[in-house]
Each structure stands twice: as C-alpha cells, then as structure tokens.
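Enquirer: Provided below: entry_36.pdb, containing PDB, N, CA and C atoms, pLDDT in the B column.
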```pdb
ATOM      1  N   MET A   1      -2.249   4.275  12.456  1.00 48.00           N
ATOM      2  CA  MET A   1      -3.021   4.510  11.241  1.00 48.00           C
ATOM      3  C   MET A   1      -3.544   3.163  10.758  1.00 48.00           C
ATOM      4  N   ASN A   2      -4.796   2.941  10.834  1.00 55.00           N
ATOM      5  CA  ASN A   2      -5.400   1.703  10.360  1.00 55.00           C
ATOM      6  C   ASN A   2      -6.513   1.993   9.370  1.00 55.00           C
ATOM      7  N   ASP A   3      -6.520   3.170   8.824  1.00 81.00           N
ATOM      8  CA  ASP A   3      -7.546   3.559   7.869  1.00 81.00           C
ATOM      9  C   ASP A   3      -7.246   2.959   6.504  1.00 81.00           C
ATOM     10  N   LEU A   4      -8.257   2.958   5.678  1.00 95.00           N
ATOM     11  CA  LEU A   4      -8.127   2.477   4.308  1.00 95.00           C
ATOM     12  C   LEU A   4      -7.977   3.676   3.381  1.00 95.00           C
ATOM     13  N   LEU A   5      -6.926   3.675   2.577  1.00 97.00           N
ATOM     14  CA  LEU A   5      -6.740   4.705   1.554  1.00 97.00           C
ATOM     15  C   LEU A   5      -7.234   4.136   0.232  1.00 97.00           C
ATOM     16  N   ASP A   6      -8.250   4.740  -0.325  1.00 98.00           N
ATOM     17  CA  ASP A   6      -8.771   4.313  -1.617  1.00 98.00           C
ATOM     18  C   ASP A   6      -8.112   5.167  -2.693  1.00 98.00           C
ATOM     19  N   LEU A   7      -7.173   4.566  -3.403  1.00 98.00           N
ATOM     20  CA  LEU A   7      -6.371   5.296  -4.388  1.00 98.00           C
ATOM     21  C   LEU A   7      -6.664   4.847  -5.814  1.00 98.00           C
ATOM     22  N   ARG A   8      -7.752   4.133  -6.009  1.00 98.00           N
ATOM     23  CA  ARG A   8      -8.058   3.551  -7.320  1.00 98.00           C
ATOM     24  C   ARG A   8      -8.250   4.581  -8.419  1.00 98.00           C
ATOM     25  N   ALA A   9      -8.762   5.743  -8.108  1.00 97.00           N
ATOM     26  CA  ALA A   9      -9.099   6.716  -9.148  1.00 97.00           C
ATOM     27  C   ALA A   9      -7.926   7.620  -9.544  1.00 97.00           C
ATOM     28  N   LEU A  10      -6.802   7.493  -8.849  1.00 98.00           N
ATOM     29  CA  LEU A  10      -5.671   8.383  -9.114  1.00 98.00           C
ATOM     30  C   LEU A  10      -4.801   7.872 -10.255  1.00 98.00           C
ATOM     31  N   PRO A  11      -4.279   8.789 -11.081  1.00 96.00           N
ATOM     32  CA  PRO A  11      -3.373   8.375 -12.159  1.00 96.00           C
ATOM     33  C   PRO A  11      -1.981   8.078 -11.603  1.00 96.00           C
ATOM     34  N   ALA A  12      -1.262   7.187 -12.279  1.00 93.00           N
ATOM     35  CA  ALA A  12       0.120   6.887 -11.882  1.00 93.00           C
ATOM     36  C   ALA A  12       0.973   8.134 -12.081  1.00 93.00           C
ATOM     37  N   PRO A  13       1.937   8.377 -11.249  1.00 95.00           N
ATOM     38  CA  PRO A  13       2.445   7.587 -10.131  1.00 95.00           C
ATOM     39  C   PRO A  13       1.861   8.014  -8.776  1.00 95.00           C
ATOM     40  N   GLU A  14       0.771   8.753  -8.796  1.00 97.00           N
ATOM     41  CA  GLU A  14       0.239   9.315  -7.553  1.00 97.00           C
ATOM     42  C   GLU A  14      -0.107   8.270  -6.492  1.00 97.00           C
ATOM     43  N   PRO A  15      -0.690   7.108  -6.838  1.00 97.00           N
ATOM     44  CA  PRO A  15      -0.955   6.130  -5.776  1.00 97.00           C
ATOM     45  C   PRO A  15       0.319   5.700  -5.036  1.00 97.00           C
ATOM     46  N   MET A  16       1.392   5.427  -5.759  1.00 96.00           N
ATOM     47  CA  MET A  16       2.635   5.029  -5.103  1.00 96.00           C
ATOM     48  C   MET A  16       3.177   6.161  -4.237  1.00 96.00           C
ATOM     49  N   GLU A  17       3.126   7.380  -4.736  1.00 97.00           N
ATOM     50  CA  GLU A  17       3.611   8.520  -3.966  1.00 97.00           C
ATOM     51  C   GLU A  17       2.814   8.680  -2.676  1.00 97.00           C
ATOM     52  N   ARG A  18       1.510   8.515  -2.751  1.00 97.00           N
ATOM     53  CA  ARG A  18       0.663   8.630  -1.553  1.00 97.00           C
ATOM     54  C   ARG A  18       0.960   7.522  -0.551  1.00 97.00           C
ATOM     55  N   VAL A  19       1.178   6.311  -1.041  1.00 98.00           N
ATOM     56  CA  VAL A  19       1.515   5.197  -0.146  1.00 98.00           C
ATOM     57  C   VAL A  19       2.837   5.488   0.561  1.00 98.00           C
ATOM     58  N   LEU A  20       3.850   5.908  -0.183  1.00 97.00           N
ATOM     59  CA  LEU A  20       5.156   6.177   0.415  1.00 97.00           C
ATOM     60  C   LEU A  20       5.076   7.323   1.414  1.00 97.00           C
ATOM     61  N   ASP A  21       4.298   8.353   1.131  1.00 96.00           N
ATOM     62  CA  ASP A  21       4.109   9.457   2.081  1.00 96.00           C
ATOM     63  C   ASP A  21       3.432   8.961   3.356  1.00 96.00           C
ATOM     64  N   ALA A  22       2.425   8.113   3.202  1.00 96.00           N
ATOM     65  CA  ALA A  22       1.700   7.595   4.369  1.00 96.00           C
ATOM     66  C   ALA A  22       2.613   6.708   5.215  1.00 96.00           C
ATOM     67  N   LEU A  23       3.521   5.979   4.590  1.00 96.00           N
ATOM     68  CA  LEU A  23       4.429   5.112   5.339  1.00 96.00           C
ATOM     69  C   LEU A  23       5.384   5.920   6.210  1.00 96.00           C
ATOM     70  N   ASP A  24       5.707   7.134   5.787  1.00 93.00           N
ATOM     71  CA  ASP A  24       6.592   7.990   6.584  1.00 93.00           C
ATOM     72  C   ASP A  24       6.018   8.275   7.964  1.00 93.00           C
ATOM     73  N   SER A  25       4.699   8.285   8.089  1.00 90.00           N
ATOM     74  CA  SER A  25       4.077   8.599   9.378  1.00 90.00           C
ATOM     75  C   SER A  25       3.435   7.374  10.033  1.00 90.00           C
ATOM     76  N   LEU A  26       3.760   6.188   9.542  1.00 90.00           N
ATOM     77  CA  LEU A  26       3.185   4.968  10.093  1.00 90.00           C
ATOM     78  C   LEU A  26       3.820   4.650  11.443  1.00 90.00           C
ATOM     79  N   ALA A  27       3.000   4.576  12.472  1.00 88.00           N
ATOM     80  CA  ALA A  27       3.489   4.291  13.820  1.00 88.00           C
ATOM     81  C   ALA A  27       3.882   2.824  13.941  1.00 88.00           C
ATOM     82  N   ASP A  28       4.758   2.536  14.893  1.00 84.00           N
ATOM     83  CA  ASP A  28       5.133   1.146  15.154  1.00 84.00           C
ATOM     84  C   ASP A  28       3.890   0.346  15.507  1.00 84.00           C
ATOM     85  N   GLY A  29       3.757  -0.816  14.921  1.00 86.00           N
ATOM     86  CA  GLY A  29       2.619  -1.680  15.184  1.00 86.00           C
ATOM     87  C   GLY A  29       1.379  -1.364  14.369  1.00 86.00           C
ATOM     88  N   ALA A  30       1.379  -0.245  13.657  1.00 92.00           N
ATOM     89  CA  ALA A  30       0.229   0.134  12.838  1.00 92.00           C
ATOM     90  C   ALA A  30       0.344  -0.506  11.460  1.00 92.00           C
ATOM     91  N   ARG A  31      -0.779  -0.583  10.799  1.00 95.00           N
ATOM     92  CA  ARG A  31      -0.821  -1.114   9.434  1.00 95.00           C
ATOM     93  C   ARG A  31      -1.459  -0.070   8.523  1.00 95.00           C
ATOM     94  N   LEU A  32      -0.974  -0.031   7.317  1.00 97.00           N
ATOM     95  CA  LEU A  32      -1.550   0.825   6.287  1.00 97.00           C
ATOM     96  C   LEU A  32      -2.273  -0.072   5.299  1.00 97.00           C
ATOM     97  N   ARG A  33      -3.530   0.231   5.045  1.00 98.00           N
ATOM     98  CA  ARG A  33      -4.307  -0.528   4.064  1.00 98.00           C
ATOM     99  C   ARG A  33      -4.632   0.398   2.904  1.00 98.00           C
ATOM    100  N   VAL A  34      -4.351  -0.060   1.697  1.00 98.00           N
ATOM    101  CA  VAL A  34      -4.617   0.738   0.498  1.00 98.00           C
ATOM    102  C   VAL A  34      -5.376  -0.107  -0.516  1.00 98.00           C
ATOM    103  N   LEU A  35      -6.308   0.528  -1.177  1.00 98.00           N
ATOM    104  CA  LEU A  35      -7.070  -0.110  -2.238  1.00 98.00           C
ATOM    105  C   LEU A  35      -6.634   0.519  -3.555  1.00 98.00           C
ATOM    106  N   LEU A  36      -6.143  -0.328  -4.451  1.00 98.00           N
ATOM    107  CA  LEU A  36      -5.576   0.135  -5.717  1.00 98.00           C
ATOM    108  C   LEU A  36      -6.290  -0.504  -6.895  1.00 98.00           C
ATOM    109  N   ALA A  37      -6.206   0.153  -8.029  1.00 97.00           N
ATOM    110  CA  ALA A  37      -6.864  -0.349  -9.237  1.00 97.00           C
ATOM    111  C   ALA A  37      -6.147  -1.560  -9.818  1.00 97.00           C
ATOM    112  N   ARG A  38      -4.849  -1.690  -9.534  1.00 95.00           N
ATOM    113  CA  ARG A  38      -4.071  -2.823 -10.053  1.00 95.00           C
ATOM    114  C   ARG A  38      -3.023  -3.204  -9.019  1.00 95.00           C
ATOM    115  N   GLU A  39      -2.448  -4.371  -9.194  1.00 96.00           N
ATOM    116  CA  GLU A  39      -1.432  -4.828  -8.247  1.00 96.00           C
ATOM    117  C   GLU A  39      -0.158  -3.990  -8.430  1.00 96.00           C
ATOM    118  N   PRO A  40       0.392  -3.450  -7.345  1.00 96.00           N
ATOM    119  CA  PRO A  40       1.511  -2.496  -7.427  1.00 96.00           C
ATOM    120  C   PRO A  40       2.882  -3.178  -7.378  1.00 96.00           C
ATOM    121  N   HIS A  41       3.237  -3.923  -8.412  1.00 96.00           N
ATOM    122  CA  HIS A  41       4.510  -4.661  -8.416  1.00 96.00           C
ATOM    123  C   HIS A  41       5.726  -3.775  -8.142  1.00 96.00           C
ATOM    124  N   PRO A  42       5.852  -2.583  -8.717  1.00 96.00           N
ATOM    125  CA  PRO A  42       7.021  -1.746  -8.391  1.00 96.00           C
ATOM    126  C   PRO A  42       7.083  -1.367  -6.909  1.00 96.00           C
ATOM    127  N   LEU A  43       5.935  -1.186  -6.288  1.00 97.00           N
ATOM    128  CA  LEU A  43       5.898  -0.846  -4.869  1.00 97.00           C
ATOM    129  C   LEU A  43       6.457  -1.977  -4.015  1.00 97.00           C
ATOM    130  N   TYR A  44       6.214  -3.221  -4.393  1.00 97.00           N
ATOM    131  CA  TYR A  44       6.672  -4.353  -3.596  1.00 97.00           C
ATOM    132  C   TYR A  44       8.192  -4.345  -3.420  1.00 97.00           C
ATOM    133  N   GLY A  45       8.913  -4.013  -4.462  1.00 96.00           N
ATOM    134  CA  GLY A  45      10.373  -3.948  -4.363  1.00 96.00           C
ATOM    135  C   GLY A  45      10.824  -2.863  -3.400  1.00 96.00           C
ATOM    136  N   ILE A  46      10.164  -1.726  -3.453  1.00 97.00           N
ATOM    137  CA  ILE A  46      10.501  -0.627  -2.542  1.00 97.00           C
ATOM    138  C   ILE A  46      10.215  -1.043  -1.103  1.00 97.00           C
ATOM    139  N   LEU A  47       9.077  -1.677  -0.881  1.00 97.00           N
ATOM    140  CA  LEU A  47       8.723  -2.115   0.472  1.00 97.00           C
ATOM    141  C   LEU A  47       9.742  -3.119   1.000  1.00 97.00           C
ATOM    142  N   ALA A  48      10.151  -4.055   0.169  1.00 96.00           N
ATOM    143  CA  ALA A  48      11.119  -5.063   0.601  1.00 96.00           C
ATOM    144  C   ALA A  48      12.456  -4.427   0.972  1.00 96.00           C
ATOM    145  N   ARG A  49      12.889  -3.448   0.188  1.00 96.00           N
ATOM    146  CA  ARG A  49      14.183  -2.788   0.449  1.00 96.00           C
ATOM    147  C   ARG A  49      14.147  -1.876   1.659  1.00 96.00           C
ATOM    148  N   THR A  50      12.967  -1.401   2.049  1.00 94.00           N
ATOM    149  CA  THR A  50      12.881  -0.425   3.134  1.00 94.00           C
ATOM    150  C   THR A  50      12.306  -0.993   4.427  1.00 94.00           C
ATOM    151  N   GLY A  51      12.189  -2.319   4.518  1.00 93.00           N
ATOM    152  CA  GLY A  51      11.835  -2.931   5.789  1.00 93.00           C
ATOM    153  C   GLY A  51      10.353  -3.067   6.082  1.00 93.00           C
ATOM    154  N   TYR A  52       9.555  -3.253   5.067  1.00 95.00           N
ATOM    155  CA  TYR A  52       8.113  -3.451   5.264  1.00 95.00           C
ATOM    156  C   TYR A  52       7.725  -4.830   4.743  1.00 95.00           C
ATOM    157  N   ASN A  53       6.674  -5.374   5.317  1.00 95.00           N
ATOM    158  CA  ASN A  53       6.071  -6.564   4.731  1.00 95.00           C
ATOM    159  C   ASN A  53       4.671  -6.191   4.283  1.00 95.00           C
ATOM    160  N   TRP A  54       4.097  -7.011   3.444  1.00 97.00           N
ATOM    161  CA  TRP A  54       2.789  -6.685   2.884  1.00 97.00           C
ATOM    162  C   TRP A  54       2.040  -7.953   2.547  1.00 97.00           C
ATOM    163  N   GLN A  55       0.761  -7.761   2.390  1.00 97.00           N
ATOM    164  CA  GLN A  55      -0.118  -8.830   1.940  1.00 97.00           C
ATOM    165  C   GLN A  55      -1.080  -8.222   0.939  1.00 97.00           C
ATOM    166  N   SER A  56      -1.230  -8.869  -0.194  1.00 98.00           N
ATOM    167  CA  SER A  56      -2.143  -8.388  -1.238  1.00 98.00           C
ATOM    168  C   SER A  56      -3.317  -9.345  -1.361  1.00 98.00           C
ATOM    169  N   GLU A  57      -4.463  -8.769  -1.624  1.00 97.00           N
ATOM    170  CA  GLU A  57      -5.674  -9.574  -1.772  1.00 97.00           C
ATOM    171  C   GLU A  57      -6.551  -8.925  -2.833  1.00 97.00           C
ATOM    172  N   TRP A  58      -6.875  -9.690  -3.864  1.00 96.00           N
ATOM    173  CA  TRP A  58      -7.764  -9.171  -4.894  1.00 96.00           C
ATOM    174  C   TRP A  58      -9.195  -9.217  -4.397  1.00 96.00           C
ATOM    175  N   GLN A  59      -9.885  -8.114  -4.594  1.00 94.00           N
ATOM    176  CA  GLN A  59     -11.301  -8.013  -4.269  1.00 94.00           C
ATOM    177  C   GLN A  59     -12.036  -7.641  -5.542  1.00 94.00           C
ATOM    178  N   ASP A  60     -13.345  -7.654  -5.503  1.00 94.00           N
ATOM    179  CA  ASP A  60     -14.136  -7.308  -6.686  1.00 94.00           C
ATOM    180  C   ASP A  60     -13.826  -5.915  -7.200  1.00 94.00           C
ATOM    181  N   ASP A  61     -13.445  -5.013  -6.299  1.00 94.00           N
ATOM    182  CA  ASP A  61     -13.259  -3.617  -6.674  1.00 94.00           C
ATOM    183  C   ASP A  61     -11.805  -3.163  -6.706  1.00 94.00           C
ATOM    184  N   GLY A  62     -10.851  -4.094  -6.634  1.00 97.00           N
ATOM    185  CA  GLY A  62      -9.449  -3.703  -6.733  1.00 97.00           C
ATOM    186  C   GLY A  62      -8.545  -4.576  -5.894  1.00 97.00           C
ATOM    187  N   CYS A  63      -7.309  -4.154  -5.772  1.00 98.00           N
ATOM    188  CA  CYS A  63      -6.286  -4.887  -5.028  1.00 98.00           C
ATOM    189  C   CYS A  63      -6.110  -4.219  -3.667  1.00 98.00           C
ATOM    190  N   LEU A  64      -6.400  -4.947  -2.600  1.00 98.00           N
ATOM    191  CA  LEU A  64      -6.233  -4.452  -1.241  1.00 98.00           C
ATOM    192  C   LEU A  64      -4.847  -4.878  -0.770  1.00 98.00           C
ATOM    193  N   VAL A  65      -4.021  -3.893  -0.403  1.00 98.00           N
ATOM    194  CA  VAL A  65      -2.672  -4.169   0.073  1.00 98.00           C
ATOM    195  C   VAL A  65      -2.583  -3.677   1.509  1.00 98.00           C
ATOM    196  N   THR A  66      -2.173  -4.580   2.398  1.00 98.00           N
ATOM    197  CA  THR A  66      -1.966  -4.237   3.799  1.00 98.00           C
ATOM    198  C   THR A  66      -0.473  -4.254   4.067  1.00 98.00           C
ATOM    199  N   ILE A  67       0.050  -3.140   4.607  1.00 97.00           N
ATOM    200  CA  ILE A  67       1.489  -2.947   4.774  1.00 97.00           C
ATOM    201  C   ILE A  67       1.791  -2.720   6.243  1.00 97.00           C
ATOM    202  N   ALA A  68       2.866  -3.345   6.724  1.00 96.00           N
ATOM    203  CA  ALA A  68       3.332  -3.147   8.096  1.00 96.00           C
ATOM    204  C   ALA A  68       4.858  -3.149   8.096  1.00 96.00           C
ATOM    205  N   ARG A  69       5.428  -2.517   9.102  1.00 89.00           N
ATOM    206  CA  ARG A  69       6.879  -2.511   9.261  1.00 89.00           C
ATOM    207  C   ARG A  69       7.329  -3.868   9.769  1.00 89.00           C
ATOM    208  N   ASN A  70       8.444  -4.377   9.247  1.00 84.00           N
ATOM    209  CA  ASN A  70       8.976  -5.646   9.733  1.00 84.00           C
ATOM    210  C   ASN A  70       9.331  -5.511  11.198  1.00 84.00           C
ATOM    211  N   ALA A  71       9.113  -6.565  11.955  1.00 70.00           N
ATOM    212  CA  ALA A  71       9.411  -6.552  13.398  1.00 70.00           C
ATOM    213  C   ALA A  71      10.901  -6.619  13.664  1.00 70.00           C
TER     214      ALA A  71
END
```
How does the structure come out when it is put into structure tokens?

Expert:
Amino acid sequence: MNDLLDLRALPAPEPMERVLDALDSLADGARLRVLLAREPHPLYGILARTGYNWQSEWQDDGCLVTIARNA
C-alpha cells in the first residue's frame, strides 16, 4: 500500500481510526502516507508503542505523514 490517504476533511477521531485500520493491512516493506489537517501528536505515541516509524512534513495543504513498520 503506497497510496495517499487524504483525511483532512474528517472530524476527529476518524482520521486516527482510519490510519490505524490501514496499518492493520500494511504489507511488510510498504509505507502508508496520510495527509492530515494538523499534526497527529497522539498518533505518534501509538506508532512508537506498536513498532512503526514515521516522518512528518508540513506542506501548504496539511501535514503529510509517512508511516512504515520498524525493520
């Protein structure tokens, strides 16, 4: 799964729920990219505890977060 999920228009907590659901089906070596309206600080803690790494990048239209499983 290397598609971009644009979750900017969804009300909380739906973006986090969608990200967590998508991670359940993330294949080894794949990355999940999500575009959010704000930086998802609560999500970062969940990712750290469950074995994922991430990179966040602010763009003109939101926060792009790229997530992958730790090697």

Enquirer: Any chance you could work out the residue set of the PyMOL selection byres (((chain A and resi 16-33 and name CA) around 10) and name CA) here, as a compact mmCIF listing (two decimals) with N, CA and C atoms, keeping the file's coordinate frame?

Expert:
```txt
# COMPACT_ATOMS: atom_id res chain seq x y z
N MET A 1 -2.25 4.28 12.46
CA MET A 1 -3.02 4.51 11.24
C MET A 1 -3.54 3.16 10.76
N ASN A 2 -4.80 2.94 10.83
CA ASN A 2 -5.40 1.70 10.36
C ASN A 2 -6.51 1.99 9.37
N ASP A 3 -6.52 3.17 8.82
CA ASP A 3 -7.55 3.56 7.87
C ASP A 3 -7.25 2.96 6.50
N LEU A 4 -8.26 2.96 5.68
CA LEU A 4 -8.13 2.48 4.31
C LEU A 4 -7.98 3.68 3.38
N LEU A 5 -6.93 3.68 2.58
CA LEU A 5 -6.74 4.70 1.55
C LEU A 5 -7.23 4.14 0.23
N ASP A 6 -8.25 4.74 -0.32
CA ASP A 6 -8.77 4.31 -1.62
C ASP A 6 -8.11 5.17 -2.69
N LEU A 7 -7.17 4.57 -3.40
CA LEU A 7 -6.37 5.30 -4.39
C LEU A 7 -6.66 4.85 -5.81
N LEU A 10 -6.80 7.49 -8.85
CA LEU A 10 -5.67 8.38 -9.11
C LEU A 10 -4.80 7.87 -10.26
N PRO A 11 -4.28 8.79 -11.08
CA PRO A 11 -3.37 8.38 -12.16
C PRO A 11 -1.98 8.08 -11.60
N ALA A 12 -1.26 7.19 -12.28
CA ALA A 12 0.12 6.89 -11.88
C ALA A 12 0.97 8.13 -12.08
N PRO A 13 1.94 8.38 -11.25
CA PRO A 13 2.44 7.59 -10.13
C PRO A 13 1.86 8.01 -8.78
N GLU A 14 0.77 8.75 -8.80
CA GLU A 14 0.24 9.32 -7.55
C GLU A 14 -0.11 8.27 -6.49
N PRO A 15 -0.69 7.11 -6.84
CA PRO A 15 -0.96 6.13 -5.78
C PRO A 15 0.32 5.70 -5.04
N VAL A 34 -4.35 -0.06 1.70
CA VAL A 34 -4.62 0.74 0.50
C VAL A 34 -5.38 -0.11 -0.52
N LEU A 35 -6.31 0.53 -1.18
CA LEU A 35 -7.07 -0.11 -2.24
C LEU A 35 -6.63 0.52 -3.56
N LEU A 36 -6.14 -0.33 -4.45
CA LEU A 36 -5.58 0.14 -5.72
C LEU A 36 -6.29 -0.50 -6.90
N PRO A 40 0.39 -3.45 -7.34
CA PRO A 40 1.51 -2.50 -7.43
C PRO A 40 2.88 -3.18 -7.38
N PRO A 42 5.85 -2.58 -8.72
CA PRO A 42 7.02 -1.75 -8.39
C PRO A 42 7.08 -1.37 -6.91
N LEU A 43 5.94 -1.19 -6.29
CA LEU A 43 5.90 -0.85 -4.87
C LEU A 43 6.46 -1.98 -4.01
N ILE A 46 10.16 -1.73 -3.45
CA ILE A 46 10.50 -0.63 -2.54
C ILE A 46 10.22 -1.04 -1.10
N LEU A 47 9.08 -1.68 -0.88
CA LEU A 47 8.72 -2.12 0.47
C LEU A 47 9.74 -3.12 1.00
N TYR A 52 9.56 -3.25 5.07
CA TYR A 52 8.11 -3.45 5.26
C TYR A 52 7.72 -4.83 4.74
N ASN A 53 6.67 -5.37 5.32
CA ASN A 53 6.07 -6.56 4.73
C ASN A 53 4.67 -6.19 4.28
N TRP A 54 4.10 -7.01 3.44
CA TRP A 54 2.79 -6.68 2.88
C TRP A 54 2.04 -7.95 2.55
N GLN A 55 0.76 -7.76 2.39
CA GLN A 55 -0.12 -8.83 1.94
C GLN A 55 -1.08 -8.22 0.94
N SER A 56 -1.23 -8.87 -0.19
CA SER A 56 -2.14 -8.39 -1.24
C SER A 56 -3.32 -9.35 -1.36
N LEU A 64 -6.40 -4.95 -2.60
CA LEU A 64 -6.23 -4.45 -1.24
C LEU A 64 -4.85 -4.88 -0.77
N VAL A 65 -4.02 -3.89 -0.40
CA VAL A 65 -2.67 -4.17 0.07
C VAL A 65 -2.58 -3.68 1.51
N THR A 66 -2.17 -4.58 2.40
CA THR A 66 -1.97 -4.24 3.80
C THR A 66 -0.47 -4.25 4.07
N ILE A 67 0.05 -3.14 4.61
CA ILE A 67 1.49 -2.95 4.77
C ILE A 67 1.79 -2.72 6.24
N ALA A 68 2.87 -3.34 6.72
CA ALA A 68 3.33 -3.15 8.10
C ALA A 68 4.86 -3.15 8.10
N ARG A 69 5.43 -2.52 9.10
CA ARG A 69 6.88 -2.51 9.26
C ARG A 69 7.33 -3.87 9.77
N ASN A 70 8.44 -4.38 9.25
CA ASN A 70 8.98 -5.65 9.73
C ASN A 70 9.33 -5.51 11.20
N ALA A 71 9.11 -6.56 11.96
CA ALA A 71 9.41 -6.55 13.40
C ALA A 71 10.90 -6.62 13.66
```

Enquirer: When you draw a straight line from CA of Ala9 in chain A to atom C of Gly62 in chain A, how long is it in Å?

Expert: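 Computing the Euclidean distance for CA of Ala9 in chain A and atom C of Gly62 in chain A yields 11.8 Å.
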
Enquirer: Quick one, how far is atom C of Cys63 in chain A from atom C of Ala48 in chain A?

Expert: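 These atoms are spaced 19.1 Å apart.
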
Enquirer: If DSSP is run on the backbone, what residues of chain A are alpha helix (DSSP H)? A reply as an MDAnalysis selection string would be ideal.

Expert: chainID A and resid 14:24 41:49

Enquirer: Keeping only N, CA and C atoms, write the selected residues to a file as an mmCIF file, in the frame of the given file.

Expert:
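The resulting part_29.cif:
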```cif
data_model
loop_
_atom_site.group_PDB
_atom_site.id
_atom_site.type_symbol
_atom_site.label_atom_id
_atom_site.label_comp_id
_atom_site.auth_asym_id
_atom_site.auth_seq_id
_atom_site.Cartn_x
_atom_site.Cartn_y
_atom_site.Cartn_z
ATOM 1 N N GLU A 14 0.771 8.753 -8.796
ATOM 2 C CA GLU A 14 0.239 9.315 -7.553
ATOM 3 C C GLU A 14 -0.107 8.270 -6.492
ATOM 4 N N PRO A 15 -0.690 7.108 -6.838
ATOM 5 C CA PRO A 15 -0.955 6.130 -5.776
ATOM 6 C C PRO A 15 0.319 5.700 -5.036
ATOM 7 N N MET A 16 1.392 5.427 -5.759
ATOM 8 C CA MET A 16 2.635 5.029 -5.103
ATOM 9 C C MET A 16 3.177 6.161 -4.237
ATOM 10 N N GLU A 17 3.126 7.380 -4.736
ATOM 11 C CA GLU A 17 3.611 8.520 -3.966
ATOM 12 C C GLU A 17 2.814 8.680 -2.676
ATOM 13 N N ARG A 18 1.510 8.515 -2.751
ATOM 14 C CA ARG A 18 0.663 8.630 -1.553
ATOM 15 C C ARG A 18 0.960 7.522 -0.551
ATOM 16 N N VAL A 19 1.178 6.311 -1.041
ATOM 17 C CA VAL A 19 1.515 5.197 -0.146
ATOM 18 C C VAL A 19 2.837 5.488 0.561
ATOM 19 N N LEU A 20 3.850 5.908 -0.183
ATOM 20 C CA LEU A 20 5.156 6.177 0.415
ATOM 21 C C LEU A 20 5.076 7.323 1.414
ATOM 22 N N ASP A 21 4.298 8.353 1.131
ATOM 23 C CA ASP A 21 4.109 9.457 2.081
ATOM 24 C C ASP A 21 3.432 8.961 3.356
ATOM 25 N N ALA A 22 2.425 8.113 3.202
ATOM 26 C CA ALA A 22 1.700 7.595 4.369
ATOM 27 C C ALA A 22 2.613 6.708 5.215
ATOM 28 N N LEU A 23 3.521 5.979 4.590
ATOM 29 C CA LEU A 23 4.429 5.112 5.339
ATOM 30 C C LEU A 23 5.384 5.920 6.210
ATOM 31 N N ASP A 24 5.707 7.134 5.787
ATOM 32 C CA ASP A 24 6.592 7.990 6.584
ATOM 33 C C ASP A 24 6.018 8.275 7.964
ATOM 34 N N HIS A 41 3.237 -3.923 -8.412
ATOM 35 C CA HIS A 41 4.510 -4.661 -8.416
ATOM 36 C C HIS A 41 5.726 -3.775 -8.142
ATOM 37 N N PRO A 42 5.852 -2.583 -8.717
ATOM 38 C CA PRO A 42 7.021 -1.746 -8.391
ATOM 39 C C PRO A 42 7.083 -1.367 -6.909
ATOM 40 N N LEU A 43 5.935 -1.186 -6.288
ATOM 41 C CA LEU A 43 5.898 -0.846 -4.869
ATOM 42 C C LEU A 43 6.457 -1.977 -4.015
ATOM 43 N N TYR A 44 6.214 -3.221 -4.393
ATOM 44 C CA TYR A 44 6.672 -4.353 -3.596
ATOM 45 C C TYR A 44 8.192 -4.345 -3.420
ATOM 46 N N GLY A 45 8.913 -4.013 -4.462
ATOM 47 C CA GLY A 45 10.373 -3.948 -4.363
ATOM 48 C C GLY A 45 10.824 -2.863 -3.400
ATOM 49 N N ILE A 46 10.164 -1.726 -3.453
ATOM 50 C CA ILE A 46 10.501 -0.627 -2.542
ATOM 51 C C ILE A 46 10.215 -1.043 -1.103
ATOM 52 N N LEU A 47 9.077 -1.677 -0.881
ATOM 53 C CA LEU A 47 8.723 -2.115 0.472
ATOM 54 C C LEU A 47 9.742 -3.119 1.000
ATOM 55 N N ALA A 48 10.151 -4.055 0.169
ATOM 56 C CA ALA A 48 11.119 -5.063 0.601
ATOM 57 C C ALA A 48 12.456 -4.427 0.972
ATOM 58 N N ARG A 49 12.889 -3.448 0.188
ATOM 59 C CA ARG A 49 14.183 -2.788 0.449
ATOM 60 C C ARG A 49 14.147 -1.876 1.659
#
```

Enquirer: To one decimal in Å, tell me the separation between atom N of Gly51 in chain A and CA of Arg8 in chain A.

Expert: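 Distance between the two atoms: 24.2 Å.
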
Enquirer: Please give the complete set of residues from chain A that DSSP, run on the backbone, assigns to strand (DSSP E or B), formatted as an NGL selection string.

Expert: :A and (4-6 or 31-36 or 52-59 or 62-69)
